[in-house]
file coords-v2.txt (compact mmCIF, C-alpha atoms)
# COMPACT_ATOMS: atom_id res chain seq x y z
CA MET A 1 1.31 14.27 1.56
CA ILE A 2 5.00 13.34 1.58
CA GLU A 3 5.66 15.08 4.88
CA CYS A 4 2.51 13.49 6.37
CA TYR A 5 3.71 10.06 5.26
CA ARG A 6 7.18 10.59 6.71
CA ARG A 7 5.74 11.75 10.01
CA ALA A 8 3.34 8.80 10.17
CA ALA A 9 6.11 6.33 9.26
CA ARG A 10 8.36 7.76 11.98
CA ARG A 11 5.59 7.25 14.54
CA CYS A 12 5.18 3.56 13.61
CA ARG A 13 6.61 1.33 16.30
CA SER A 14 6.17 -2.06 14.64
CA VAL A 15 6.27 -3.78 11.27
CA ASN A 16 2.49 -4.19 11.39
CA GLN A 17 1.90 -0.49 11.95
CA ILE A 18 4.06 0.32 8.93
CA ASN A 19 2.25 -2.30 6.83
CA ALA A 20 -1.10 -0.80 7.85
CA LEU A 21 0.10 2.65 6.83
CA HIS A 22 1.29 1.35 3.45
CA ILE A 23 -1.94 -0.55 2.74
CA THR A 24 -3.94 2.61 3.49
CA LEU A 25 -1.71 4.70 1.24
CA ALA A 26 -1.73 2.19 -1.62
CA ASN A 27 -5.54 2.27 -1.47
CA ARG A 28 -5.69 6.04 -1.86
CA ILE A 29 -2.79 7.82 -3.53
CA THR A 30 -2.74 8.93 -7.17
CA PRO A 31 0.00 8.23 -9.74
CA LEU A 32 1.19 11.85 -9.31
CA GLU A 33 1.57 11.34 -5.56
CA LEU A 34 3.45 8.08 -6.07
CA VAL A 35 5.90 9.75 -8.45
CA ALA A 36 6.33 12.66 -6.03
CA LEU A 37 7.09 10.15 -3.27
CA ARG A 38 9.72 8.50 -5.49
CA ASP A 39 11.29 11.84 -6.41
CA ALA A 40 11.42 12.85 -2.74
CA GLN A 41 13.68 9.89 -2.00
CA GLY A 42 16.63 11.73 -3.52
CA PRO A 43 19.55 10.43 -5.59
CA TRP A 44 20.41 7.62 -3.15
CA PHE A 45 17.16 5.72 -3.66
CA ALA A 46 18.53 3.51 -6.47
CA LEU A 47 21.62 2.66 -4.38
CA ARG A 48 19.47 1.89 -1.32
CA MET A 49 17.41 -0.47 -3.48
CA LEU A 50 20.52 -2.35 -4.57
CA LEU A 51 21.72 -2.64 -0.96
CA TRP A 52 18.24 -3.74 0.12
CA GLN A 53 18.25 -6.55 -2.44
CA GLY A 54 21.59 -7.79 -1.06
CA ARG A 55 20.42 -7.65 2.55
CA HIS A 56 17.11 -9.32 1.63
CA LEU A 57 19.00 -12.21 0.03
CA LEU A 58 21.17 -12.64 3.12
CA ARG A 59 18.12 -12.62 5.38
CA ARG A 60 16.47 -15.30 3.26
CA LEU A 61 19.58 -17.46 3.58
CA TRP A 62 20.15 -16.98 7.30
CA GLY A 63 16.71 -16.05 8.49
CA GLY A 64 15.70 -12.90 10.33
CA GLU A 65 13.05 -10.25 9.91
CA THR A 66 13.08 -7.09 7.85
CA PRO A 67 13.67 -4.05 10.11
CA PRO A 68 10.77 -1.54 10.03
CA ALA A 69 12.85 1.27 8.47
CA GLU A 70 13.66 -0.86 5.43
CA LEU A 71 9.99 -1.68 4.84
CA CYS A 72 9.32 1.85 3.55
CA ASP A 73 11.91 1.47 0.77
CA ARG A 74 10.71 -2.05 0.02
CA TRP A 75 7.05 -0.96 -0.24
CA LEU A 76 7.89 1.94 -2.54
CA ARG A 77 10.10 -0.28 -4.71
CA LYS A 78 7.33 -2.88 -5.14
CA LEU A 79 4.71 -0.25 -5.88
CA LEU A 80 6.93 1.48 -8.45
CA GLY A 81 7.61 -1.90 -10.09
CA LEU A 82 3.87 -2.47 -10.59
CA TYR A 83 3.34 1.14 -11.68
CA ALA A 84 6.05 0.78 -14.35
CA GLN A 85 4.06 -2.03 -16.00
CA ALA A 86 1.75 0.61 -17.49
CA ALA A 87 4.77 1.68 -19.59
CA LYS A 88 3.76 5.32 -19.79
CA PRO A 89 6.36 8.11 -19.71
CA GLN A 90 4.26 10.43 -17.51
CA PRO A 91 1.95 9.79 -14.55
CA GLU A 92 -1.78 10.15 -15.22
CA THR A 93 -2.86 13.48 -13.73
CA TYR A 94 -5.63 12.27 -11.42
CA ARG A 95 -6.44 14.22 -8.29
CA ARG A 96 -8.34 12.73 -5.39
CA ARG A 97 -11.49 14.19 -3.85
CA LYS A 98 -13.44 12.65 -0.99
CA VAL A 99 -17.14 12.59 -1.91
CA SER A 100 -18.34 10.81 1.23
CA ARG A 101 -16.92 8.47 3.86
CA HIS A 102 -16.63 5.54 1.43
CA LEU A 103 -16.63 7.36 -1.93
CA ARG A 104 -13.60 8.96 -3.58
CA LEU A 105 -13.56 10.66 -6.97
CA TYR A 106 -10.35 10.58 -9.02
CA SER A 107 -10.43 13.21 -11.73
CA ALA A 108 -7.99 15.34 -13.70
CA GLY A 109 -10.62 18.08 -13.91
CA GLY A 110 -11.85 19.72 -17.10
CA ALA A 111 -15.13 19.37 -18.96
CA ARG A 112 -17.06 16.20 -18.18
CA HIS A 113 -19.36 16.15 -21.21
CA ASP A 114 -16.79 14.26 -23.30
CA LYS A 115 -15.55 12.00 -20.49
CA THR A 116 -16.50 8.57 -19.16
CA LEU A 117 -17.21 8.03 -15.48
CA LEU A 118 -16.06 4.63 -14.25
CA ILE A 119 -17.87 3.59 -11.06
CA CYS A 120 -15.47 1.15 -9.47
CA PHE A 121 -16.68 -1.17 -6.68
CA VAL A 122 -13.57 -2.36 -4.88
CA GLY A 123 -13.09 -5.86 -3.59
CA SER A 124 -11.05 -7.29 -0.73
CA SER A 125 -8.68 -4.93 1.07
CA GLN A 126 -10.58 -1.95 -0.39
CA ARG A 127 -8.78 -1.96 -3.76
CA PRO A 128 -9.60 -2.92 -7.37
CA PHE A 129 -7.29 -5.98 -7.25
CA LEU A 130 -4.32 -3.58 -7.57
CA PRO A 131 -2.97 -0.63 -5.63
CA VAL A 132 -4.97 2.44 -6.68
CA PRO A 133 -2.09 4.39 -8.33
CA VAL A 134 -1.21 1.31 -10.40
CA PHE A 135 -4.82 0.85 -11.51
CA LEU A 136 -5.26 4.56 -12.35
CA GLN A 137 -2.05 4.61 -14.38
CA HIS A 138 -3.70 2.10 -16.75
CA LEU A 139 -6.53 4.54 -17.53
CA ASP A 140 -6.54 7.83 -19.43
CA ALA A 141 -7.11 10.77 -17.07
CA ALA A 142 -8.07 13.04 -19.98
CA ARG A 143 -10.97 10.75 -20.91
CA THR A 144 -11.95 8.95 -17.71
CA ASP A 145 -12.93 9.92 -14.16
CA VAL A 146 -13.10 7.19 -11.52
CA LEU A 147 -15.54 7.01 -8.63
CA MET A 148 -14.05 4.51 -6.19
CA VAL A 149 -16.75 2.88 -4.05
CA GLY A 150 -15.46 1.38 -0.81
CA TYR A 151 -17.40 -0.53 1.84
CA PRO A 152 -17.81 -0.41 5.63
CA ARG A 153 -15.22 -2.51 7.48
CA GLY A 154 -16.29 -6.13 7.83
CA LYS A 155 -19.65 -5.63 6.08
CA GLY A 156 -18.84 -5.65 2.38
CA HIS A 157 -21.12 -3.99 -0.17
CA ARG A 158 -24.16 -6.06 0.77
CA HIS A 159 -25.94 -3.42 2.87
CA GLY A 160 -24.87 -0.42 0.79
CA LEU A 161 -23.12 2.60 2.25
CA PRO A 162 -24.47 3.87 5.58
CA GLU A 163 -24.05 7.52 4.53
CA LEU A 164 -26.24 6.96 1.44
CA GLY A 165 -28.99 4.70 2.75
CA ARG A 166 -29.89 1.59 4.68
CA THR A 167 -29.93 -0.80 1.72
CA LEU A 168 -27.89 -1.40 -1.40
CA GLU A 169 -30.79 -0.21 -3.57
CA GLN A 170 -30.98 3.11 -1.70
CA THR A 171 -27.23 3.51 -2.15
CA ILE A 172 -27.44 2.78 -5.88
CA ASP A 173 -30.27 5.27 -6.30
CA ARG A 174 -28.27 8.06 -4.66
CA LEU A 175 -25.10 7.51 -6.71
CA PRO A 176 -26.24 9.39 -9.89
CA GLY A 177 -26.93 12.57 -7.93
CA LEU A 178 -23.74 12.41 -5.89
CA ALA A 179 -21.48 11.65 -8.84
CA ASP A 180 -23.42 13.89 -11.26
CA ILE A 181 -23.61 11.04 -13.75
CA GLY A 182 -25.73 13.10 -16.15
CA ALA A 183 -22.84 15.50 -16.75
CA TYR A 184 -20.73 12.74 -18.31
CA ARG A 185 -20.80 11.47 -21.88
CA ARG A 186 -20.92 7.90 -20.58
CA CYS A 187 -21.00 6.11 -17.25
CA VAL A 188 -19.93 2.48 -16.79
CA ALA A 189 -19.33 0.17 -13.83
CA LEU A 190 -16.51 -2.13 -12.79
CA GLY A 191 -16.41 -4.49 -9.82
CA THR A 192 -13.57 -6.68 -8.67
CA SER A 193 -14.00 -9.71 -6.42
CA GLY A 194 -16.67 -8.81 -3.81
CA GLY A 195 -17.39 -5.66 -5.81
CA GLY A 196 -18.57 -7.67 -8.83
CA THR A 197 -22.14 -8.27 -7.65
CA PRO A 198 -22.86 -4.62 -6.63
CA ALA A 199 -21.33 -3.39 -9.91
CA LEU A 200 -23.70 -5.67 -11.86
CA LEU A 201 -26.74 -4.65 -9.83
CA THR A 202 -25.82 -0.96 -10.15
CA ALA A 203 -25.40 -1.16 -13.94
CA LEU A 204 -28.67 -3.07 -14.33
CA ARG A 205 -30.68 -0.78 -12.02
CA LEU A 206 -29.28 2.48 -13.44
CA GLN A 207 -29.29 1.11 -17.01
CA LEU A 208 -25.64 1.97 -17.58
CA PRO A 209 -24.29 1.00 -21.01
CA ALA A 210 -21.61 -1.45 -19.77
CA VAL A 211 -20.39 -3.32 -16.72
CA LEU A 212 -17.38 -5.54 -16.09
CA SER A 213 -17.34 -7.94 -13.16
CA ALA A 214 -13.86 -9.36 -12.58
CA GLY A 215 -13.69 -12.39 -10.31
CA GLY A 216 -17.14 -11.55 -8.95
CA GLY A 217 -19.23 -13.66 -6.59
CA SER A 218 -22.07 -16.06 -7.23
CA PRO A 219 -25.75 -15.03 -7.58
CA THR A 220 -26.59 -17.71 -5.04
CA ASP A 221 -24.19 -16.45 -2.34
CA PRO A 222 -26.27 -16.91 0.85
CA ARG A 223 -24.81 -13.78 2.49
CA TRP A 224 -26.04 -11.67 -0.42
CA CYS A 225 -29.42 -13.40 -0.48
CA ALA A 226 -29.82 -12.78 3.26
CA ALA A 227 -28.88 -9.10 2.92
CA LEU A 228 -31.16 -8.44 -0.07
CA GLY A 229 -34.00 -10.64 1.12
CA GLU A 230 -34.08 -12.44 -2.23
CA ASP A 231 -31.89 -14.36 -4.64
CA VAL A 232 -29.39 -12.05 -6.40
CA GLY A 233 -30.04 -13.81 -9.71
CA GLU A 234 -33.79 -13.19 -9.42
CA LEU A 235 -33.20 -9.53 -8.63
CA ALA A 236 -30.87 -9.21 -11.64
CA ARG A 237 -33.49 -10.86 -13.87
CA ARG A 238 -36.10 -8.37 -12.63
CA TYR A 239 -33.82 -5.42 -13.39
CA VAL A 240 -33.12 -6.75 -16.90
CA ALA A 241 -36.84 -7.26 -17.56
CA ALA A 242 -37.56 -3.66 -16.50
CA ALA A 243 -34.71 -2.15 -18.52
CA THR A 244 -35.32 -0.52 -21.88
CA HIS A 245 -31.59 -0.67 -22.69
CA PRO A 246 -29.94 -3.46 -20.68
CA PRO A 247 -26.17 -2.99 -20.31
CA ARG A 248 -23.43 -4.96 -21.96
CA VAL A 249 -22.44 -7.34 -19.18
CA VAL A 250 -18.95 -8.86 -19.21
CA LEU A 251 -18.10 -11.50 -16.60
CA ALA A 252 -14.33 -12.02 -16.41
CA PHE A 253 -12.63 -14.73 -14.37
CA GLY A 254 -9.23 -16.31 -13.97
CA VAL A 255 -9.31 -19.80 -15.47
CA ASP A 256 -7.51 -21.21 -12.42
CA ALA A 257 -10.08 -19.81 -9.98
CA GLN A 258 -12.66 -22.59 -10.21
CA LYS A 259 -15.08 -20.88 -7.84
CA ASP A 260 -15.08 -17.75 -10.03
CA VAL A 261 -15.67 -19.82 -13.17
CA VAL A 262 -18.76 -21.40 -11.59
CA ALA A 263 -19.99 -18.01 -10.29
CA ALA A 264 -19.66 -16.35 -13.71
CA GLN A 265 -21.50 -19.21 -15.41
CA ALA A 266 -24.28 -19.01 -12.81
CA PHE A 267 -24.66 -15.25 -13.37
CA ALA A 268 -24.66 -15.74 -17.15
CA ALA A 269 -27.64 -18.06 -16.69
CA CYS A 270 -29.56 -15.18 -15.05
CA VAL A 271 -28.70 -12.23 -17.30
CA PRO A 272 -27.46 -11.92 -20.90
CA ALA A 273 -23.69 -11.73 -20.50
CA GLU A 274 -20.36 -12.33 -22.20
CA LEU A 275 -18.01 -14.70 -20.39
CA ARG A 276 -14.39 -13.58 -20.55
CA PRO A 277 -11.88 -16.18 -19.32
CA VAL A 278 -8.38 -14.88 -18.55
CA GLY A 279 -5.34 -17.16 -18.73
CA ASP A 280 -4.44 -20.34 -20.52
CA ARG A 281 -2.12 -23.32 -20.17
CA ARG A 282 0.96 -21.06 -20.32
CA GLN A 283 -0.40 -18.29 -18.13
CA HIS A 284 -1.62 -18.98 -14.59
CA ALA A 285 -4.67 -16.82 -13.86
CA PRO A 286 -5.87 -16.85 -10.24
CA HIS A 287 -8.77 -15.00 -8.59
CA ASN A 288 -6.84 -11.73 -8.96
CA LEU A 289 -6.96 -11.82 -12.75
CA PHE A 290 -5.56 -8.29 -13.11
CA GLN A 291 -2.13 -9.52 -11.94
CA PRO A 292 -1.39 -11.73 -14.98
CA LEU A 293 -2.83 -9.06 -17.29
CA LEU A 294 -0.59 -6.47 -15.63
CA ARG A 295 2.52 -8.66 -15.97
CA ARG A 296 1.80 -9.14 -19.68
CA ARG A 297 1.00 -5.45 -20.11
CA ARG A 298 -2.49 -6.26 -21.29
CA LEU A 299 -4.52 -4.68 -18.52
CA ARG A 300 -5.09 -1.39 -20.32
CA GLY A 301 -6.33 -3.13 -23.48
CA PHE A 302 -8.47 -5.47 -21.40
CA LEU A 303 -10.24 -2.58 -19.67
CA GLU A 304 -10.59 -0.64 -22.93
CA SER A 305 -12.21 -3.51 -24.80
CA ASN A 306 -14.45 -4.81 -22.01
CA VAL A 307 -15.86 -1.81 -20.19
CA MET A 308 -14.61 1.62 -21.34
CA MET B 1 -8.33 -12.62 26.06
CA THR B 2 -9.66 -16.12 26.55
CA ASP B 3 -8.90 -18.92 24.13
CA GLN B 4 -12.38 -18.54 22.61
CA GLN B 5 -12.05 -14.76 22.25
CA VAL B 6 -8.73 -15.17 20.41
CA ARG B 7 -10.33 -17.69 18.06
CA GLU B 8 -13.28 -15.38 17.34
CA MET B 9 -10.93 -12.46 16.75
CA LEU B 10 -8.89 -14.52 14.27
CA VAL B 11 -11.99 -15.69 12.35
CA GLU B 12 -13.23 -12.09 12.12
CA ALA B 13 -9.79 -10.91 10.94
CA LEU B 14 -9.60 -13.66 8.33
CA GLU B 15 -13.06 -12.79 7.04
CA TYR B 16 -12.16 -9.11 6.85
CA ALA B 17 -9.00 -10.03 4.92
CA SER B 18 -11.27 -11.96 2.50
CA VAL B 19 -9.60 -15.31 3.16
CA ILE B 20 -12.29 -17.24 1.32
CA ALA B 21 -10.74 -20.64 2.07
CA LEU B 22 -11.97 -20.24 5.64
CA ARG B 23 -15.57 -20.42 4.40
CA ASP B 24 -15.11 -22.57 1.31
CA LYS B 25 -13.22 -25.33 3.11
CA ASN B 26 -15.47 -25.11 6.19
CA PHE B 27 -12.55 -24.36 8.49
CA GLY B 28 -14.37 -21.73 10.56
CA ALA B 29 -16.74 -23.83 12.67
CA GLY B 30 -14.19 -26.52 13.57
CA PHE B 31 -11.57 -23.93 14.46
CA LEU B 32 -13.98 -21.93 16.62
CA ALA B 33 -14.99 -25.11 18.47
CA GLY B 34 -11.35 -26.12 18.85
CA THR B 35 -12.02 -29.47 17.22
CA SER B 36 -9.94 -29.17 14.05
CA GLU B 37 -6.39 -28.14 13.26
CA VAL B 38 -6.21 -25.62 10.41
CA PRO B 39 -2.83 -25.41 8.63
CA ILE B 40 -2.05 -21.77 7.83
CA ASP B 41 -0.81 -22.81 4.38
CA ALA B 42 -4.25 -24.29 3.62
CA LEU B 43 -5.83 -20.83 3.95
CA ASP B 44 -4.22 -19.77 0.63
CA MET B 45 -3.52 -16.27 1.93
CA ASP B 46 -1.76 -13.78 -0.32
CA SER B 47 0.80 -11.38 1.15
CA LEU B 48 -1.81 -8.66 1.62
CA ALA B 49 -4.11 -10.99 3.58
CA GLU B 50 -1.17 -12.05 5.78
CA MET B 51 -0.44 -8.40 6.52
CA GLU B 52 -4.11 -7.72 7.33
CA LEU B 53 -4.20 -10.69 9.72
CA CYS B 54 -1.02 -9.60 11.54
CA ILE B 55 -2.33 -6.03 11.81
CA ALA B 56 -5.62 -7.29 13.30
CA ILE B 57 -3.75 -9.45 15.83
CA GLU B 58 -1.63 -6.48 16.93
CA VAL B 59 -4.59 -4.08 17.12
CA ASN B 60 -6.95 -6.46 18.93
CA ALA B 61 -4.61 -8.56 21.07
CA GLY B 62 -1.59 -6.27 21.39
CA VAL B 63 0.72 -9.05 20.18
CA SER B 64 3.13 -8.24 17.37
CA ILE B 65 3.65 -11.08 14.88
CA VAL B 66 5.19 -10.17 11.52
CA PRO B 67 3.94 -11.70 8.24
CA GLU B 68 7.34 -13.34 7.61
CA ARG B 69 6.88 -15.35 10.81
CA LEU B 70 3.22 -16.23 10.31
CA ARG B 71 3.69 -19.21 8.00
CA ARG B 72 6.41 -20.69 10.20
CA ILE B 73 3.89 -20.95 13.05
CA GLY B 74 2.21 -23.79 11.15
CA THR B 75 -1.42 -23.94 12.31
CA LEU B 76 -4.09 -21.59 13.60
CA ASP B 77 -4.16 -23.51 16.91
CA ARG B 78 -0.47 -22.80 17.44
CA LEU B 79 -1.12 -19.17 16.52
CA VAL B 80 -3.79 -19.01 19.24
CA ALA B 81 -1.36 -20.52 21.77
CA LEU B 82 1.36 -18.05 20.76
CA ILE B 83 -0.95 -15.04 21.11
CA ARG B 84 -2.14 -16.21 24.53
CA SER B 85 1.40 -16.90 25.76
CA ARG B 86 2.52 -13.39 24.82
CA GLN B 87 -0.39 -11.54 26.43

call {"tool": "encode", "arguments": {"input": "coords-v2.txt", "output": "structure tokens"}}
result
Amino acid sequence: MIECYRRAARRCRSVNQINALHITLANRITPLELVALRDAQGPWFALRMLLWQGRHLLRRLWGGETPPAELCDRWLRKLLGLYAQAAKPQPETYRRRKVSRHLRLYSAGGARHDKTLLICFVGSSQRPFLPVPVFLQHLDAARTDVLMVGYPRGKGHRHGLPELGRTLEQTIDRLPGLADIGAYRRCVALGTSGGGTPALLTALRLQLPAVLSAGGGSPTDPRWCAALGEDVGELARRYVAAATHPPRVVLAFGVDAQKDVVAAQAFAACVPAELRPVGDRRQHAPHNLFQPLLRRRRLRGFLESNVM
Amino acid sequence: MTDQQVREMLVEALEYASVIALRDKNFGAGFLAGTSEVPIDALDMDSLAEMELCIAIEVNAGVSIVPERLRRIGTLDRLVALIRSRQ
């Protein structure tokens, strides 16, 4: 992976090409790969970081753009800074396996009968609010596998995954077989931003024990209603009525994201749910509510208490 | 690319980057019609969205604009003019 990255970075001819490479990597790599990338930088990495900070300050004072070569160090430094917020001495031992074009399974291997499978519907930029290695480092690889559910470019989750079916419902129905949900002790769902609504619908339809929607959309979103052919709230109500064991539904939102507050309240009017506001007068909490939790080192506890 | 094609490309790129202000503040229709000025700051883009927009501009229009420069351009109309002048 490291050699592949170096080769790809060398081929980049512009800042945007390097940024695209880094976004793709941050959406895929595991904590182990991130640490390997850091270790491959050699003993001069810390010194380069100090020099970079000095040059960055000068550029901010006198203007000018960051040269492409420096962006690699800068990206890695930022990513490692977020990763360190998990405050764990060792990287979580997840390994990545591609299940289908838009599905990736992160697992440390071993017996699944005493593990939880977290089905994670990603939001904007194909990530669960945070770079994937940072998010995974806040979980326990010995107890949790993660099925990361992406979406086709420009289409969102509304029409499901083309490789699994032509509608969201068909996609949901094929997930248990593909992910072998029955082999796990427990299976729960998480959705961030645009992934909130599909996570809720998946948990309700499959009767999973718990679901957390973080900064999810509104049940009256016209794009969703057009794609499903009916109101999302009505569909959710129907699923709840048909369920013998409806899931524990937690709707989390940043208190400063007014649109998310309204959306969570609207969903809570459709299905039995717990509203979980994040942030207060001292702590700004925007749409990306994992960021303030990460900074305060509360993300792990938040996930443990609300979905795991 | 024509002026209209650049505008459509930018709207699509902003939607892909999940810049929800475009829809919430009803900027899209006025910008596409060329009847309203949209300040880039008003789009409330985070750094990731800025990167996604710059990548889309480079891929679709072949014009390289870096995220650090994007905000200094001021408005989407000026961004359209800049892309067209560099093609």

call {"tool": "closest_atom_pairs", "arguments": {"input": "coords-v2.txt", "of": "chain A", "to": "chain B", "cutoff": "12 Å", "atoms": "all atoms listed in the file", "output": "JSON lines"}}
result
{"residue": "A:Arg13", "atom": "CA", "partner": "B:Ser64", "partner_atom": "CA", "distance": 10.2}
{"residue": "A:Ser14", "atom": "CA", "partner": "B:Ser64", "partner_atom": "CA", "distance": 7.4}
{"residue": "A:Val15", "atom": "CA", "partner": "B:Val66", "partner_atom": "CA", "distance": 6.5}
{"residue": "A:Asn16", "atom": "CA", "partner": "B:Ile55", "partner_atom": "CA", "distance": 5.2}
{"residue": "A:Gln17", "atom": "CA", "partner": "B:Ile55", "partner_atom": "CA", "distance": 7.0}
{"residue": "A:Ile18", "atom": "CA", "partner": "B:Ile55", "partner_atom": "CA", "distance": 9.5}
{"residue": "A:Asn19", "atom": "CA", "partner": "B:Met51", "partner_atom": "CA", "distance": 6.7}
{"residue": "A:Ala20", "atom": "CA", "partner": "B:Ile55", "partner_atom": "CA", "distance": 6.7}
{"residue": "A:Leu21", "atom": "CA", "partner": "B:Ile55", "partner_atom": "CA", "distance": 10.3}
{"residue": "A:His22", "atom": "CA", "partner": "B:Met51", "partner_atom": "CA", "distance": 10.4}
{"residue": "A:Ile23", "atom": "CA", "partner": "B:Leu48", "partner_atom": "CA", "distance": 8.2}
{"residue": "A:Thr24", "atom": "CA", "partner": "B:Glu52", "partner_atom": "CA", "distance": 11.0}
{"residue": "A:Ala26", "atom": "CA", "partner": "B:Leu48", "partner_atom": "CA", "distance": 11.3}
{"residue": "A:Asn27", "atom": "CA", "partner": "B:Leu48", "partner_atom": "CA", "distance": 12.0}
{"residue": "A:Arg59", "atom": "CA", "partner": "B:Glu68", "partner_atom": "CA", "distance": 11.0}
{"residue": "A:Arg60", "atom": "CA", "partner": "B:Glu68", "partner_atom": "CA", "distance": 10.3}
{"residue": "A:Gly63", "atom": "CA", "partner": "B:Glu68", "partner_atom": "CA", "distance": 9.8}
{"residue": "A:Gly64", "atom": "CA", "partner": "B:Glu68", "partner_atom": "CA", "distance": 8.8}
{"residue": "A:Glu65", "atom": "CA", "partner": "B:Glu68", "partner_atom": "CA", "distance": 6.9}
{"residue": "A:Thr66", "atom": "CA", "partner": "B:Glu68", "partner_atom": "CA", "distance": 8.5}
{"residue": "A:Pro67", "atom": "CA", "partner": "B:Val66", "partner_atom": "CA", "distance": 10.6}
{"residue": "A:Pro68", "atom": "CA", "partner": "B:Val66", "partner_atom": "CA", "distance": 10.4}
{"residue": "A:Leu71", "atom": "CA", "partner": "B:Val66", "partner_atom": "CA", "distance": 11.8}
{"residue": "A:Trp75", "atom": "CA", "partner": "B:Leu48", "partner_atom": "CA", "distance": 11.9}
{"residue": "A:Gly123", "atom": "CA", "partner": "B:Ser18", "partner_atom": "CA", "distance": 8.8}
{"residue": "A:Ser124", "atom": "CA", "partner": "B:Ser18", "partner_atom": "CA", "distance": 5.7}
{"residue": "A:Ser125", "atom": "CA", "partner": "B:Ala17", "partner_atom": "CA", "distance": 6.4}
{"residue": "A:Gln126", "atom": "CA", "partner": "B:Ala17", "partner_atom": "CA", "distance": 9.8}
{"residue": "A:Arg127", "atom": "CA", "partner": "B:Leu48", "partner_atom": "CA", "distance": 11.1}
{"residue": "A:Phe129", "atom": "CA", "partner": "B:Leu48", "partner_atom": "CA", "distance": 10.8}
{"residue": "A:Leu130", "atom": "CA", "partner": "B:Leu48", "partner_atom": "CA", "distance": 10.8}
{"residue": "A:Pro131", "atom": "CA", "partner": "B:Leu48", "partner_atom": "CA", "distance": 10.9}
{"residue": "A:Tyr151", "atom": "CA", "partner": "B:Tyr16", "partner_atom": "CA", "distance": 11.2}
{"residue": "A:Pro152", "atom": "CA", "partner": "B:Tyr16", "partner_atom": "CA", "distance": 10.4}
{"residue": "A:Arg153", "atom": "CA", "partner": "B:Tyr16", "partner_atom": "CA", "distance": 7.3}
{"residue": "A:Gly154", "atom": "CA", "partner": "B:Tyr16", "partner_atom": "CA", "distance": 5.2}
{"residue": "A:Lys155", "atom": "CA", "partner": "B:Tyr16", "partner_atom": "CA", "distance": 8.3}
{"residue": "A:Gly156", "atom": "CA", "partner": "B:Tyr16", "partner_atom": "CA", "distance": 8.8}
{"residue": "A:Ser193", "atom": "CA", "partner": "B:Ser18", "partner_atom": "CA", "distance": 9.6}
{"residue": "A:Gly194", "atom": "CA", "partner": "B:Ser18", "partner_atom": "CA", "distance": 8.9}
{"residue": "A:Gly217", "atom": "CA", "partner": "B:Ile20", "partner_atom": "CA", "distance": 11.1}
{"residue": "A:Asp221", "atom": "CA", "partner": "B:Asp24", "partner_atom": "CA", "distance": 11.5}
{"residue": "A:Pro222", "atom": "CA", "partner": "B:Arg23", "partner_atom": "CA", "distance": 11.8}
{"residue": "A:Arg223", "atom": "CA", "partner": "B:Arg23", "partner_atom": "CA", "distance": 11.5}
{"residue": "A:Ala257", "atom": "CA", "partner": "B:Ile20", "partner_atom": "CA", "distance": 11.8}
{"residue": "A:Gln258", "atom": "CA", "partner": "B:Asp24", "partner_atom": "CA", "distance": 11.8}
{"residue": "A:Lys259", "atom": "CA", "partner": "B:Asp24", "partner_atom": "CA", "distance": 9.3}
{"residue": "A:Asp260", "atom": "CA", "partner": "B:Ile20", "partner_atom": "CA", "distance": 11.7}
{"residue": "A:Pro286", "atom": "CA", "partner": "B:Asp46", "partner_atom": "CA", "distance": 11.2}
{"residue": "A:His287", "atom": "CA", "partner": "B:Ile20", "partner_atom": "CA", "distance": 10.8}
{"residue": "A:Asn288", "atom": "CA", "partner": "B:Asp46", "partner_atom": "CA", "distance": 10.2}

call {"tool": "atom_distance", "arguments": {"input": "coords-v2.txt", "atom1": "atom CA of B:Ile73", "atom2": "atom CA of B:Met9"}}
result
17.5 Å

call {"tool": "atom_distance", "arguments": {"input": "coords-v2.txt", "atom1": "atom CA of A:Ala243", "atom2": "atom CA of A:Leu208"}}
result
10.0 Å

call {"tool": "residues_near_point", "arguments": {"input": "coords-v2.txt", "point": "(-19.0, -7.8, -8.3)", "cutoff": "9 Å", "atoms": "only C-alpha atoms", "output": "list in words"}}
result
Phe121, Val122, Gly123, Leu190, Gly191, Thr192, Ser193, Gly194, Gly195, Gly196, Thr197, Pro198, Ala199, Leu200, Leu201, Leu212, Ser213, Ala214, Gly215, Gly216, Gly217 and Ser218 of chain A

call {"tool": "atom_distance", "arguments": {"input": "coords-v2.txt", "atom1": "atom CA of A:Val132", "atom2": "atom CA of A:Ala9"}}
result
19.8 Å

call {"tool": "residues_around", "arguments": {"input": "coords-v2.txt", "residues": "A:Val35", "least_positions_apart": "5", "cutoff": "9 Å", "atoms": "all atoms listed in the file", "output": "list in words"}}
result
Thr30, Ala40, Leu80 and Pro91 of chain A

call {"tool": "decode", "arguments": {"input": "coords-v2.txt", "residues": "stretch 59-70 of chain B", "atoms": "C-alpha atoms", "output": "PDB file, in the first residue's frame"}}
result
ATOM      1  CA  VAL B  59     -11.378  17.023 -13.935  1.00  0.00           C
ATOM      2  CA  ASN B  60     -14.290  18.511 -15.897  1.00  0.00           C
ATOM      3  CA  ALA B  61     -12.894  21.815 -17.165  1.00  0.00           C
ATOM      4  CA  GLY B  62      -9.143  21.151 -17.100  1.00  0.00           C
ATOM      5  CA  VAL B  63      -8.568  24.307 -15.046  1.00  0.00           C
ATOM      6  CA  SER B  64      -6.473  24.010 -11.898  1.00  0.00           C
ATOM      7  CA  ILE B  65      -7.667  26.182  -9.011  1.00  0.00           C
ATOM      8  CA  VAL B  66      -6.379  25.305  -5.538  1.00  0.00           C
ATOM      9  CA  PRO B  67      -8.639  25.409  -2.451  1.00  0.00           C
ATOM     10  CA  GLU B  68      -6.495  28.149  -0.866  1.00  0.00           C
ATOM     11  CA  ARG B  69      -7.367  30.420  -3.795  1.00  0.00           C
ATOM     12  CA  LEU B  70     -11.059  29.534  -4.016  1.00  0.00           C
TER      13      LEU B  70
END
